[in-house]
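Structure record follows, encoded as structure tokens.
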Amino acid sequence: MAKRDYYETLEINKSSDDKTLKSAFRKLAKKYHPDHNPGNTEAENKFKEISEAYERLKNPESRAAYDRYGHSAFENNNASRGGGGGGFDGNFSSSFSDIFNDFFGDSGSGRQGNNGRGSDLRYNMEITLEEAFKGKSDTINVTVSDSCIKCSGSGSKKGTSPIDCPQCHGSGKVRASQGFFTVERTCSSCQGQGRIIVSPCEDCNGQGRTQKPKKLSVEIPAGIEDGNRIRLSGQGEAGIRGGSSGDLYIFVSLKTHSFFQRDGADIFCNIPVSMPTAALGGQIEIPTVDGGKTRVTIPEGSQNTKQFRLRGKGMPILRQKRFGDMYLQITVETPLNLSKKQKELLREFEKLSSKKNNPESHGFFEKIKEFWGGVNKE
């Protein structure tokens, strides 16, 4: 029986590029793989056929030979033409390296079984901006899985010992046939440990660990930012049956401050200023994030949203000896609840005012008049 054309087998045409070739092979190999069609001889033969076609066409030299001479390029008496030498030997390992994970995931990746390492844990800690500025030492209380005292973490009852797993013979892995391959998987009987507890410890039920409260000391460095985390190595859950412990991660968040806002190492603060102070100038006293205070001079005629920069008055930069800056923005406050006398004085002030006193508003309304004049002319 004549062999089927390789391109036809893979359902592509002769001009298909390597990407299309590989994609077609993946699709068909998944469809006809023996694991997906147990006991189906026709599917198994089809699988061999598409694997052979891909093996020949994926190599540029053998593909060129096939395009020129067809199947005869790989016959023994024509080996020199295709450089392929001999007939197809049914070894699909090189072809399947491209799609192996699609079929088996990590099961064929050669990874070792679970080493029993304990899980990492998370602890959320909220601190104030002042604490982030100065840093702090703190103690936290956590409940973790710790090594069982009674069995010293072995999981076995006192006087007994674990035995080699009879299914994997202590290797932690078992081999299973996957069509043309032998695939290693983690042993389901011992979960990759290689050992089985025959007489489990009464306190930990063979796990080698028990739940216990624990106090831990934590050092919060000065300058720490919202969202930063601190790692306490080996302070997570204890490993299973003597496995290494996981880590504890402390996630730091900052409480909202009543008047400071933080952006990295810089501090921002909005300062309300009375209208007379903004107009006449003056000094105001403001707090700083380190708990101190400083005087700021407001220049005469300061406008709303004017900013001031105080160098080095911000947050410490983490693990450095430098500080960020502090930015002040004034908000000129319009007076409320005026007395009759205050209103009279303001009206008198308004009568005495000129465009020199209010250049922005005067200029704006002059432009409005020009706009209306232009519209009316049209």
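Just remember, in the structure tokens the first chain shown is A, the second B, etc., residues are 1-based per chain, and ligands are 1-based in the order shown.
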
Residues near A:Leu28, anyone? I mean within 10 Å using only C-alpha atoms, not counting same-chain ones fewer than 2 positions away, as a PyMOL selection string.
chain A and resi 9-11+23-26+30-33+46-47+50-51

Output the selection as a PDB file, in the first residue's frame - N, CA, C and O atoms for each residue.
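Everything below was put into part.pdb:
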ATOM      1  N   THR A   9      -1.096  14.200   5.220  1.00  0.00           N
ATOM      2  CA  THR A   9      -1.244  13.589   6.539  1.00  0.00           C
ATOM      3  C   THR A   9      -1.391  14.650   7.628  1.00  0.00           C
ATOM      4  O   THR A   9      -2.203  14.511   8.549  1.00  0.00           O
ATOM      5  N   LEU A  10      -0.608  15.719   7.499  1.00  0.00           N
ATOM      6  CA  LEU A  10      -0.642  16.789   8.505  1.00  0.00           C
ATOM      7  C   LEU A  10      -1.681  17.870   8.189  1.00  0.00           C
ATOM      8  O   LEU A  10      -1.784  18.856   8.918  1.00  0.00           O
ATOM      9  N   GLU A  11      -2.395  17.671   7.097  1.00  0.00           N
ATOM     10  CA  GLU A  11      -3.473  18.587   6.687  1.00  0.00           C
ATOM     11  C   GLU A  11      -2.963  20.006   6.463  1.00  0.00           C
ATOM     12  O   GLU A  11      -3.557  20.995   6.902  1.00  0.00           O
ATOM     13  N   SER A  23       2.116  23.720  14.506  1.00  0.00           N
ATOM     14  CA  SER A  23       0.757  23.866  15.028  1.00  0.00           C
ATOM     15  C   SER A  23      -0.132  22.720  14.574  1.00  0.00           C
ATOM     16  O   SER A  23      -0.926  22.173  15.359  1.00  0.00           O
ATOM     17  N   ALA A  24       0.019  22.328  13.310  1.00  0.00           N
ATOM     18  CA  ALA A  24      -0.785  21.223  12.789  1.00  0.00           C
ATOM     19  C   ALA A  24      -0.434  19.912  13.499  1.00  0.00           C
ATOM     20  O   ALA A  24      -1.313  19.109  13.827  1.00  0.00           O
ATOM     21  N   PHE A  25       0.845  19.702  13.734  1.00  0.00           N
ATOM     22  CA  PHE A  25       1.268  18.484  14.425  1.00  0.00           C
ATOM     23  C   PHE A  25       0.739  18.431  15.853  1.00  0.00           C
ATOM     24  O   PHE A  25       0.257  17.394  16.321  1.00  0.00           O
ATOM     25  N   ARG A  26       0.811  19.555  16.560  1.00  0.00           N
ATOM     26  CA  ARG A  26       0.293  19.604  17.930  1.00  0.00           C
ATOM     27  C   ARG A  26      -1.185  19.206  17.961  1.00  0.00           C
ATOM     28  O   ARG A  26      -1.611  18.398  18.792  1.00  0.00           O
ATOM     29  N   LYS A  30      -2.439  15.566  19.620  1.00  0.00           N
ATOM     30  CA  LYS A  30      -3.343  15.536  20.777  1.00  0.00           C
ATOM     31  C   LYS A  30      -4.591  14.705  20.473  1.00  0.00           C
ATOM     32  O   LYS A  30      -5.078  13.945  21.301  1.00  0.00           O
ATOM     33  N   LYS A  31      -5.089  14.897  19.252  1.00  0.00           N
ATOM     34  CA  LYS A  31      -6.336  14.220  18.872  1.00  0.00           C
ATOM     35  C   LYS A  31      -6.178  12.708  18.825  1.00  0.00           C
ATOM     36  O   LYS A  31      -7.055  11.960  19.282  1.00  0.00           O
ATOM     37  N   TYR A  32      -5.047  12.215  18.290  1.00  0.00           N
ATOM     38  CA  TYR A  32      -4.891  10.779  18.069  1.00  0.00           C
ATOM     39  C   TYR A  32      -3.956  10.098  19.071  1.00  0.00           C
ATOM     40  O   TYR A  32      -3.619   8.935  18.897  1.00  0.00           O
ATOM     41  N   HIS A  33      -3.524  10.824  20.106  1.00  0.00           N
ATOM     42  CA  HIS A  33      -2.611  10.209  21.072  1.00  0.00           C
ATOM     43  C   HIS A  33      -3.265   8.991  21.720  1.00  0.00           C
ATOM     44  O   HIS A  33      -4.448   9.009  22.066  1.00  0.00           O
ATOM     45  N   LYS A  46      -2.761   6.135  13.120  1.00  0.00           N
ATOM     46  CA  LYS A  46      -2.805   7.513  12.664  1.00  0.00           C
ATOM     47  C   LYS A  46      -1.764   8.357  13.401  1.00  0.00           C
ATOM     48  O   LYS A  46      -1.098   9.210  12.820  1.00  0.00           O
ATOM     49  N   PHE A  47      -1.632   8.100  14.691  1.00  0.00           N
ATOM     50  CA  PHE A  47      -0.663   8.817  15.504  1.00  0.00           C
ATOM     51  C   PHE A  47       0.760   8.561  15.001  1.00  0.00           C
ATOM     52  O   PHE A  47       1.580   9.479  14.891  1.00  0.00           O
ATOM     53  N   ILE A  50       1.253  10.569  11.617  1.00  0.00           N
ATOM     54  CA  ILE A  50       1.491  12.012  11.716  1.00  0.00           C
ATOM     55  C   ILE A  50       2.835  12.309  12.390  1.00  0.00           C
ATOM     56  O   ILE A  50       3.492  13.296  12.077  1.00  0.00           O
ATOM     57  N   SER A  51       3.264  11.429  13.292  1.00  0.00           N
ATOM     58  CA  SER A  51       4.565  11.615  13.943  1.00  0.00           C
ATOM     59  C   SER A  51       5.687  11.439  12.940  1.00  0.00           C
ATOM     60  O   SER A  51       6.676  12.182  12.949  1.00  0.00           O
TER      61      SER A  51
END

May I have the residues within 6 Å of stretch 277-287 of chain A as a list of chain:residue names, using only C-alpha atoms and disregarding those fewer than 4 positions away in the same chain?
A:Gly292, A:Lys293, A:Thr294, A:Arg295, A:Val296, A:Thr297, A:Ile298, A:Pro299, A:Glu300, A:Gly301, A:Ser302

Atoms kept (N, CA and C atoms) for selection, written as a tab-separated table (two decimals), in the first residue's frame:
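Final file, out.tsv:
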chain	number	residue	atom	x	y	z
A	292	GLY	N	8.28	67.34	65.03
A	292	GLY	CA	8.69	68.70	65.36
A	292	GLY	C	7.79	69.72	64.67
A	293	LYS	N	8.27	70.95	64.58
A	293	LYS	CA	7.52	72.00	63.90
A	293	LYS	C	8.51	72.98	63.27
A	294	THR	N	8.02	73.72	62.29
A	294	THR	CA	8.87	74.68	61.60
A	294	THR	C	8.04	75.89	61.19
A	295	ARG	N	8.70	77.03	61.03
A	295	ARG	CA	8.02	78.26	60.62
A	295	ARG	C	8.19	78.45	59.11
A	296	VAL	N	7.11	78.86	58.49
A	296	VAL	CA	7.12	79.11	57.05
A	296	VAL	C	6.65	80.54	56.81
A	297	THR	N	7.40	81.29	56.02
A	297	THR	CA	7.04	82.67	55.69
A	297	THR	C	6.15	82.69	54.46
A	298	ILE	N	4.98	83.28	54.59
A	298	ILE	CA	4.05	83.44	53.47
A	298	ILE	C	4.31	84.79	52.83
A	299	PRO	N	4.75	84.82	51.58
A	299	PRO	CA	5.04	86.12	50.94
A	299	PRO	C	3.76	86.94	50.73
A	300	GLU	N	3.91	88.23	50.71
A	300	GLU	CA	2.78	89.13	50.44
A	300	GLU	C	2.19	88.83	49.06
A	301	GLY	N	0.89	88.77	48.99
A	301	GLY	CA	0.21	88.53	47.71
A	301	GLY	C	0.23	87.08	47.26
A	302	SER	N	0.40	86.14	48.19
A	302	SER	CA	0.41	84.72	47.82
A	302	SER	C	-0.97	84.29	47.31

DSSP says alpha helix (DSSP H) for which residues of stretch 254-298 of chain A? Put them as a count of residues only?
6

Please list as an MDAnalysis selection string every residue within 12 Å of stretch 159-161 of chain A, counting only C-alpha atoms and excluding residues in the same chain fewer than 3 positions away.
chainID A and resid 150:156 164 195:201 206 241

note - atom CA of A:Asp18 and atom CA of A:Ala64 are separated by 13.0 Å

Can you list, as an NGL selection string, all residues belonging to stretch 82-308 of chain A that DSSP tags as strand (DSSP E)?
:A and (121-127 or 136-147 or 163-164 or 173-178 or 181-186 or 195-196 or 209-220 or 229-232 or 248-254 or 260-263 or 266-274 or 282-287 or 293-298 or 307-308)

Which residues are near A:Ile224? Cut-off 8 Å, only C-alpha atoms, ignore same chain within fewer than 2 positions. Put them as a tab-separated table (two decimals) with all heavy atoms, in the first residue's frame.
chain	number	residue	atom	x	y	z
A	132	ALA	N	6.49	54.64	60.50
A	132	ALA	CA	7.25	54.40	59.28
A	132	ALA	C	8.43	55.36	59.17
A	132	ALA	O	9.47	55.01	58.61
A	132	ALA	CB	6.34	54.56	58.06
A	133	PHE	N	8.28	56.56	59.75
A	133	PHE	CA	9.37	57.54	59.72
A	133	PHE	C	10.52	57.10	60.64
A	133	PHE	O	11.69	57.14	60.24
A	133	PHE	CB	8.85	58.91	60.17
A	133	PHE	CG	9.91	59.98	60.19
A	133	PHE	CD1	10.18	60.72	59.05
A	133	PHE	CD2	10.64	60.23	61.34
A	133	PHE	CE1	11.15	61.70	59.07
A	133	PHE	CE2	11.63	61.19	61.36
A	133	PHE	CZ	11.89	61.93	60.22
A	135	GLY	N	10.79	54.00	62.24
A	135	GLY	CA	11.05	52.58	62.37
A	135	GLY	C	10.60	52.11	63.75
A	135	GLY	O	10.40	52.93	64.65
A	220	ILE	N	10.86	46.89	62.03
A	220	ILE	CA	10.33	47.68	60.92
A	220	ILE	C	11.35	48.78	60.63
A	220	ILE	O	11.59	49.65	61.46
A	220	ILE	CB	8.98	48.32	61.27
A	220	ILE	CG1	7.99	47.26	61.75
A	220	ILE	CG2	8.43	49.10	60.09
A	220	ILE	CD1	7.64	46.22	60.72
A	221	PRO	N	11.99	48.76	59.46
A	221	PRO	CA	13.03	49.77	59.17
A	221	PRO	C	12.44	51.14	58.89
A	221	PRO	O	11.32	51.27	58.37
A	221	PRO	CB	13.71	49.20	57.91
A	221	PRO	CG	12.66	48.39	57.24
A	221	PRO	CD	11.81	47.81	58.34
A	222	ALA	N	13.17	52.17	59.24
A	222	ALA	CA	12.74	53.54	58.97
A	222	ALA	C	12.65	53.76	57.46
A	222	ALA	O	13.54	53.35	56.71
A	222	ALA	CB	13.72	54.53	59.59
A	226	ASP	N	4.20	51.83	52.11
A	226	ASP	CA	2.97	51.06	52.05
A	226	ASP	C	3.11	49.98	50.99
A	226	ASP	O	3.51	50.24	49.86
A	226	ASP	CB	1.80	51.99	51.69
A	226	ASP	CG	0.46	51.31	51.82
A	226	ASP	OD1	-0.09	51.29	52.92
A	226	ASP	OD2	-0.05	50.79	50.80
A	228	ASN	N	5.21	47.41	51.19
A	228	ASN	CA	6.46	46.67	51.36
A	228	ASN	C	6.22	45.42	52.22
A	228	ASN	O	5.29	45.36	53.01
A	228	ASN	CB	7.51	47.54	52.04
A	228	ASN	CG	8.14	48.56	51.11
A	228	ASN	OD1	8.85	49.46	51.55
A	228	ASN	ND2	7.89	48.45	49.81
A	318	LEU	N	14.55	54.45	52.41
A	318	LEU	CA	14.82	53.13	52.98
A	318	LEU	C	16.28	52.72	52.79
A	318	LEU	O	16.80	52.75	51.67
A	318	LEU	CB	13.89	52.10	52.35
A	318	LEU	CG	13.82	50.72	53.01
A	318	LEU	CD1	13.28	50.83	54.42
A	318	LEU	CD2	12.94	49.79	52.18

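Here atom CA of A:Gly236 stands at a distance of 23.9 Å from atom CA of A:Gly194.
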
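Coordinates place atom CA of A:Glu360 at a distance of 20.2 Å from atom CA of A:Gly373.
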
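If you measure from each of A:Arg262, A:Lys214, A:Arg56, A:Lys340 to A:Ile140 using only C-alpha atoms, the closest one turns out to be A:Lys214.
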
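Among the candidates A:Ser72, A:His36, A:Leu310, A:Leu21, the residue lying nearest to A:Ala53 is A:Leu21 (atoms considered: only C-alpha atoms).
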
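Counting only C-alpha atoms, the residue from A:Asp5, A:Glu219, A:Glu333, A:Asp290 that sits nearest to A:Pro276 is A:Glu333.
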
Counting only C-alpha atoms, figure out which residue out of A:Lys306, A:Lys173, A:Lys3, A:Lys48 gets nearest to A:Leu328.
A:Lys306

Counting only C-alpha atoms, closest pick from A:Ile230, A:Lys157, A:Ile240, A:Ile368 relative to A:Gly192 is A:Ile240
